[in-house]
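Written below as structure tokens is the structure these notes are about.
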Amino acid sequence: MWQALRDELHPQGLEIVTIALDVDSEAARQWIEQTKPNHPSLIDSAHRVDELFGVINVPNGVWIDEEGMIVRPVEQAWPERDSAPDWQKMADSPDIPEQLRETLQLASQIVIQPKEYTAALRDWVTKGKGSSYALPAQEVIRRSGPRGQAQAQAAAHFELGQYLWENGKRDLAPRHWREAHRLQPDNWTYKRQAWSLADPFQGQSELYDSCWVKDVKKIGAENYYPPLNLSPTSAK
Amino acid sequence: MILKALDIDSKDFENRTGWTIKPEGACKGEVCVPLAAGTASGAKLDAHMLSERLGMPLIHDAEAKVWCLGPEAMGRALTTAHAPELVLPDYQGKQFHLSSLRGQKVLIVTWSSW
């Protein structure tokens, strides 16, 4: 998905690192092998970037400058694509399994901003610190998302669940993941990861209180990815 | 970080959380938090003390006999704008250090197979 943009911007000094959030790292590995990327393609089975950077969904992007300073914290990050999937058309198709129809309808209402995002990225790659999209440290911290006791506990419960899952105690994982969901309801990687292990369509299962369709309806599909804040100031 | 016991090797703690143990306390970027008297780099660190001083939740799974020390709860997901070190395997199993890209601009971006 990022290869074309990486090939365009790498000669100007940008590296793109893709990070797969997958408890089932073999599933991620198979996807990556098919695309044979020439940029670092990492697998984060414990969703460690949620804890370290404040990631809450996929795709989320973070910019880091030459000195190792974060200049844009977590936000939706989409490359431009020649052909985006037509979710509505897929939802209308008679061949679609019934349990997927509502998911596809909601997917068609999700708002993403690939044009704005890639324009900002190109501006930064060209101008560096002179780009108005590269934010000062205080603003980076301010925009990085809340981390109170609830969010910190959610990270700990998710990690503990993942550890148990990987170490032959799979039956003990869901109760920690349920806690993570309850404590940080706007973290979609914790939710979708757990739901997907219980049901490939991320539908309602006995293990979890909710599912993708229910939770997206609750907030409204148009709010699934918070809009990019491309203003250089704190005013929002 | 996952714990089998409540005394933590300070190097493990530093590598995993990005907090460094210095004479003035635990430091991350420009933020330093005083720790209990007698705490030193290279020594064992008490999980309860770290939990209390840094606002890190310490949770326990009694059945599995394992603990997890969560990240610091200091208000925002990032305590500093200094990028934390991130070490993860690439898809061929080789450990990759995010810091190896210093000197270049970097976009890290998440995705998943689910």
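Every chain in the structure tokens has a letter given in the order shown (A, B, ...), and although residue numbers restart at 1 in each chain, ligands are simply numbered from 1 in the order shown.
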### Contacts of A:His181 at 7 Å (only C-alpha atoms; same-chain gap of 3+ positions) as a list in words
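Neighbouring residues, sequence-local ones excluded: Trp177, Arg178, Gln184, Pro185, Tyr190 and Lys191 of chain A.
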### Query
Quick one: which residues from chain B are at most 9 Å off chain A, using only C-alpha atoms, as number ranges by chain?
B: 1-2, 17-18, 55-61, 63-64, 66-86, 88-93, 95-96, 98-99, 101-114
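Picture a line from atom CA of A:Ile112 to atom CA of A:Pro232; it runs 20.1 Å.
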Can you pull out every residue within 12 Å of A:Asp123, counting only C-alpha atoms, but drop anything in the same chain fewer than 4 positions away, and send it as an mmCIF file with C-alpha atoms, in the first residue's frame?
data_model
loop_
_atom_site.group_PDB
_atom_site.id
_atom_site.type_symbol
_atom_site.label_atom_id
_atom_site.label_comp_id
_atom_site.auth_asym_id
_atom_site.auth_seq_id
_atom_site.Cartn_x
_atom_site.Cartn_y
_atom_site.Cartn_z
ATOM 1 C CA LEU A 9 10.026 10.052 -1.441
ATOM 2 C CA GLN A 12 14.493 12.817 -0.825
ATOM 3 C CA LEU A 14 12.081 9.683 3.802
ATOM 4 C CA GLU A 116 -4.616 15.974 2.378
ATOM 5 C CA TYR A 117 -2.352 13.529 4.197
ATOM 6 C CA THR A 118 0.011 12.834 1.312
ATOM 7 C CA ALA A 119 0.160 16.554 0.414
ATOM 8 C CA LYS A 127 10.730 21.682 3.554
ATOM 9 C CA GLY A 128 11.707 19.824 6.743
ATOM 10 C CA LYS A 129 11.449 22.039 9.820
ATOM 11 C CA GLY A 130 10.125 24.825 7.575
ATOM 12 C CA SER A 131 6.955 22.821 6.900
ATOM 13 C CA SER A 132 3.941 24.088 8.816
ATOM 14 C CA TYR A 133 2.901 20.439 9.269
ATOM 15 C CA ALA A 134 5.971 19.700 11.421
ATOM 16 C CA LEU A 230 -3.575 20.225 9.604
#
### Message
What does the structure give for the distance between atom CA of A:Pro227 and atom CA of A:Pro114, in Å to one decimal?
### Response
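These two atoms are separated by 11.2 Å.
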### Query
What does the distance from atom CA of B:Gly38 to atom CA of B:Gly25 come to in Å, to one decimal?
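Between these atoms lies a distance of 10.3 Å.
Assigned to strand (DSSP E) in stretch 55-85 of chain A, given DSSP computed from backbone atoms, are A:Asn60, A:Gly61, A:Val62, A:Trp63, A:Ile64, A:Ile70, A:Val71, A:Arg72, A:Pro73, A:Val74, A:Glu75, A:Gln76.
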### Message
Which residues are near B:Lys65? Cut-off 10 Å, only C-alpha atoms, ignore same chain within fewer than 5 positions. Put them as a list in words.
### Response
Leu3, Lys4, Ala5 and His60 of chain B
